[in-house]
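Scroll down for the structure; my scribbles are underneath it.
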Amino acid sequence: MKSLLLILLLSVSPILVGQNLVPNPSFEDTVQCPEGDNLVNYATGWNNFSDESPDYYNGCSSSYVSVPNNWAGYQPAATGNAYCAVSTFYPSIPNGREIIGRDLSEPLNINSKYFVSFKVNLSLDITLQSNYACNNIGALFSTIPFSFSSPAPISNFAHVYSPDIITDTLNWTLIFGSFIADSN
């Protein structure tokens with residue numbers, strides 16, 4: 001059993017410039033069309049930063065990871081035809097969760113304010129019982145280079161997060177906020 005939240009990262013932008021610093025924010029650009037599990041790295045620039053297995057869904061797929069119909073249910077993309085899924089809770093694995101991330105298009109400026117927004121949706125799959133809603137899902141910015149072999153630590157900190165429990169299975173829920181960069 002695992003809990004799934006489908007994530008679509010939309011924007012990280014400085015206060016004055018208003019540009020998105022997240023390349024491939026809606027996972028549209030692909031290295032290859034996904035046809036199985038744990039292929040988040042098929043979304044150009046995105047990587048798995050945990051010991052678990054986040055999934056990549058794209059309308060180009062003819063398998064159970066297509067959009068909008070897939071093994072997790074039915075969910076159109078918030079924009080375009082792709083999204084990624086992360087599990088936020090595993091009952092059998094203490095602190096088990098999936099983490100995805102990527103490099104920004106440019107370093108952040110110290111003491112500058114940045115706005116962050118992304119959308120999430122709770123997936124309910126009766127077959128796999130992935131029906132655990134969660135709160136405190138968020139975005140963390142780090143100068144530490146994570147990789148699958150050097151996963152991100154579970155620090156329970158995010159620069160932007162929502163304290164609300166995400167329970168909407170039909171619509172995408174927007175999570176947004178801002179932070180002041182303390183490093184590049």
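Ordering of the structure tokens sets the chain letters (A, B, ...), residue numbers begin anew at 1 in every chain, and ligands are numbered from 1 in the order given.
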Could I get the residues of range 41-136 of chain A with an atom no further than 7 Å from an atom of range 31-34 of chain A, each paired with its nearest atom pair and that distance in Å to one decimal, using only C-alpha atoms, sorted by chain and residue number, as a Markdown table?
| residue | atom | partner | partner_atom | distance |
| --- | --- | --- | --- | --- |
| A:Tyr42 | CA | A:Val31 | CA | 4.9 |
| A:Ala43 | CA | A:Val31 | CA | 6.1 |
| A:Thr44 | CA | A:Val31 | CA | 5.5 |
| A:Tyr56 | CA | A:Pro34 | CA | 6.7 |
| A:Tyr57 | CA | A:Pro34 | CA | 6.9 |
| A:Asn58 | CA | A:Pro34 | CA | 6.9 |
| A:Cys60 | CA | A:Cys33 | CA | 6.1 |
| A:Ser61 | CA | A:Cys33 | CA | 5.9 |
| A:Val65 | CA | A:Pro34 | CA | 6.9 |
**Request:** Could you check how far CA of Leu108 in chain A sits from CA of Thr173 in chain A, in Å to one decimal?
**Result:** 26.0 Å
**Asked** With only C-alpha atoms as the basis for distance, which of A:Ser123, A:Ser105, A:Asn41, A:Ser112 is at the shortest distance from Trp71 in chain A?
**Response** A:Ser123
Just the strand (DSSP E) stuff from range 47-142 of chain A, please, per backbone DSSP, written as a short mmCIF file (atom, residue, chain, number, x, y, z; two decimals) with C-alpha atoms, in the first residue's frame.
data_model
loop_
_atom_site.label_atom_id
_atom_site.label_comp_id
_atom_site.auth_asym_id
_atom_site.auth_seq_id
_atom_site.Cartn_x
_atom_site.Cartn_y
_atom_site.Cartn_z
CA ASN A 47 15.46 12.86 -10.90
CA ASN A 48 14.58 10.56 -8.04
CA ASP A 55 6.53 7.41 -11.21
CA TYR A 56 6.26 9.45 -14.42
CA TYR A 57 2.97 9.57 -16.31
CA ASN A 58 2.66 10.85 -19.87
CA ASN A 69 -6.03 6.86 -17.48
CA ASN A 70 -3.40 4.96 -15.48
CA GLY A 73 -7.00 6.03 -11.57
CA TYR A 74 -8.16 8.81 -13.85
CA ALA A 82 2.19 14.70 -18.15
CA TYR A 83 2.78 14.58 -14.39
CA CYS A 84 4.82 12.75 -11.78
CA ALA A 85 3.64 10.87 -8.72
CA VAL A 86 5.24 10.56 -5.33
CA SER A 87 4.26 8.48 -2.35
CA ILE A 100 11.81 14.20 -6.89
CA GLY A 101 13.81 17.23 -7.94
CA LYS A 113 12.52 36.87 -2.45
CA TYR A 114 11.26 33.98 -4.59
CA PHE A 115 7.72 32.77 -5.22
CA VAL A 116 7.00 29.06 -5.52
CA SER A 117 3.86 27.36 -6.77
CA PHE A 118 2.93 23.80 -7.66
CA LYS A 119 -0.19 21.66 -7.88
CA VAL A 120 -1.02 18.37 -6.19
CA ASN A 121 -3.86 15.90 -6.39
CA LEU A 122 -4.67 12.91 -4.19
CA SER A 123 -4.81 9.69 -6.16
CA ILE A 137 3.80 18.57 1.22
CA GLY A 138 6.26 21.14 -0.02
CA ALA A 139 9.31 22.25 -1.95
#
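Taking CA of Trp172 in chain A and CA of Asp51 in chain A as endpoints, the distance between them is 26.5 Å.
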Asn81 in chain A: which residues within 9 Å, counting only C-alpha atoms, same-chain residues fewer than 5 positions away excluded, as a PDB file with N, CA and C atoms, in the first residue's frame?
ATOM      1  N   SER A  26       6.293  21.196 -16.253  1.00  0.00           N
ATOM      2  CA  SER A  26       5.126  20.320 -16.291  1.00  0.00           C
ATOM      3  C   SER A  26       5.462  18.936 -16.855  1.00  0.00           C
ATOM      4  N   PHE A  27       6.746  18.605 -16.863  1.00  0.00           N
ATOM      5  CA  PHE A  27       7.219  17.267 -17.238  1.00  0.00           C
ATOM      6  C   PHE A  27       6.917  16.905 -18.689  1.00  0.00           C
ATOM      7  N   GLU A  28       6.671  17.893 -19.541  1.00  0.00           N
ATOM      8  CA  GLU A  28       6.299  17.641 -20.934  1.00  0.00           C
ATOM      9  C   GLU A  28       7.458  17.125 -21.773  1.00  0.00           C
ATOM     10  N   TYR A  57       4.136   9.851 -15.484  1.00  0.00           N
ATOM     11  CA  TYR A  57       2.969   9.568 -16.311  1.00  0.00           C
ATOM     12  C   TYR A  57       2.963  10.533 -17.494  1.00  0.00           C
ATOM     13  N   ASN A  58       2.696   9.998 -18.695  1.00  0.00           N
ATOM     14  CA  ASN A  58       2.664  10.852 -19.872  1.00  0.00           C
ATOM     15  C   ASN A  58       1.660  10.287 -20.871  1.00  0.00           C
ATOM     16  N   GLY A  59       0.943  11.176 -21.540  1.00  0.00           N
ATOM     17  CA  GLY A  59      -0.043  10.772 -22.530  1.00  0.00           C
ATOM     18  C   GLY A  59       0.537  10.004 -23.700  1.00  0.00           C
ATOM     19  N   CYS A  60       1.849  10.071 -23.909  1.00  0.00           N
ATOM     20  CA  CYS A  60       2.484   9.317 -24.995  1.00  0.00           C
ATOM     21  C   CYS A  60       2.551   7.823 -24.688  1.00  0.00           C
ATOM     22  N   SER A  66      -0.078   6.018 -18.480  1.00  0.00           N
ATOM     23  CA  SER A  66      -0.543   7.013 -19.437  1.00  0.00           C
ATOM     24  C   SER A  66      -1.305   8.117 -18.697  1.00  0.00           C
ATOM     25  N   VAL A  67      -1.676   9.150 -19.405  1.00  0.00           N
ATOM     26  CA  VAL A  67      -2.497  10.248 -18.890  1.00  0.00           C
ATOM     27  C   VAL A  67      -3.653  10.421 -19.865  1.00  0.00           C
ATOM     28  N   PRO A  68      -4.889  10.479 -19.405  1.00  0.00           N
ATOM     29  CA  PRO A  68      -5.339  10.603 -18.025  1.00  0.00           C
ATOM     30  C   PRO A  68      -5.632   9.278 -17.338  1.00  0.00           C
ATOM     31  N   PRO A  76      -6.693  13.935 -15.461  1.00  0.00           N
ATOM     32  CA  PRO A  76      -6.063  14.745 -16.509  1.00  0.00           C
ATOM     33  C   PRO A  76      -4.917  15.555 -15.905  1.00  0.00           C
TER      34      PRO A  76
END
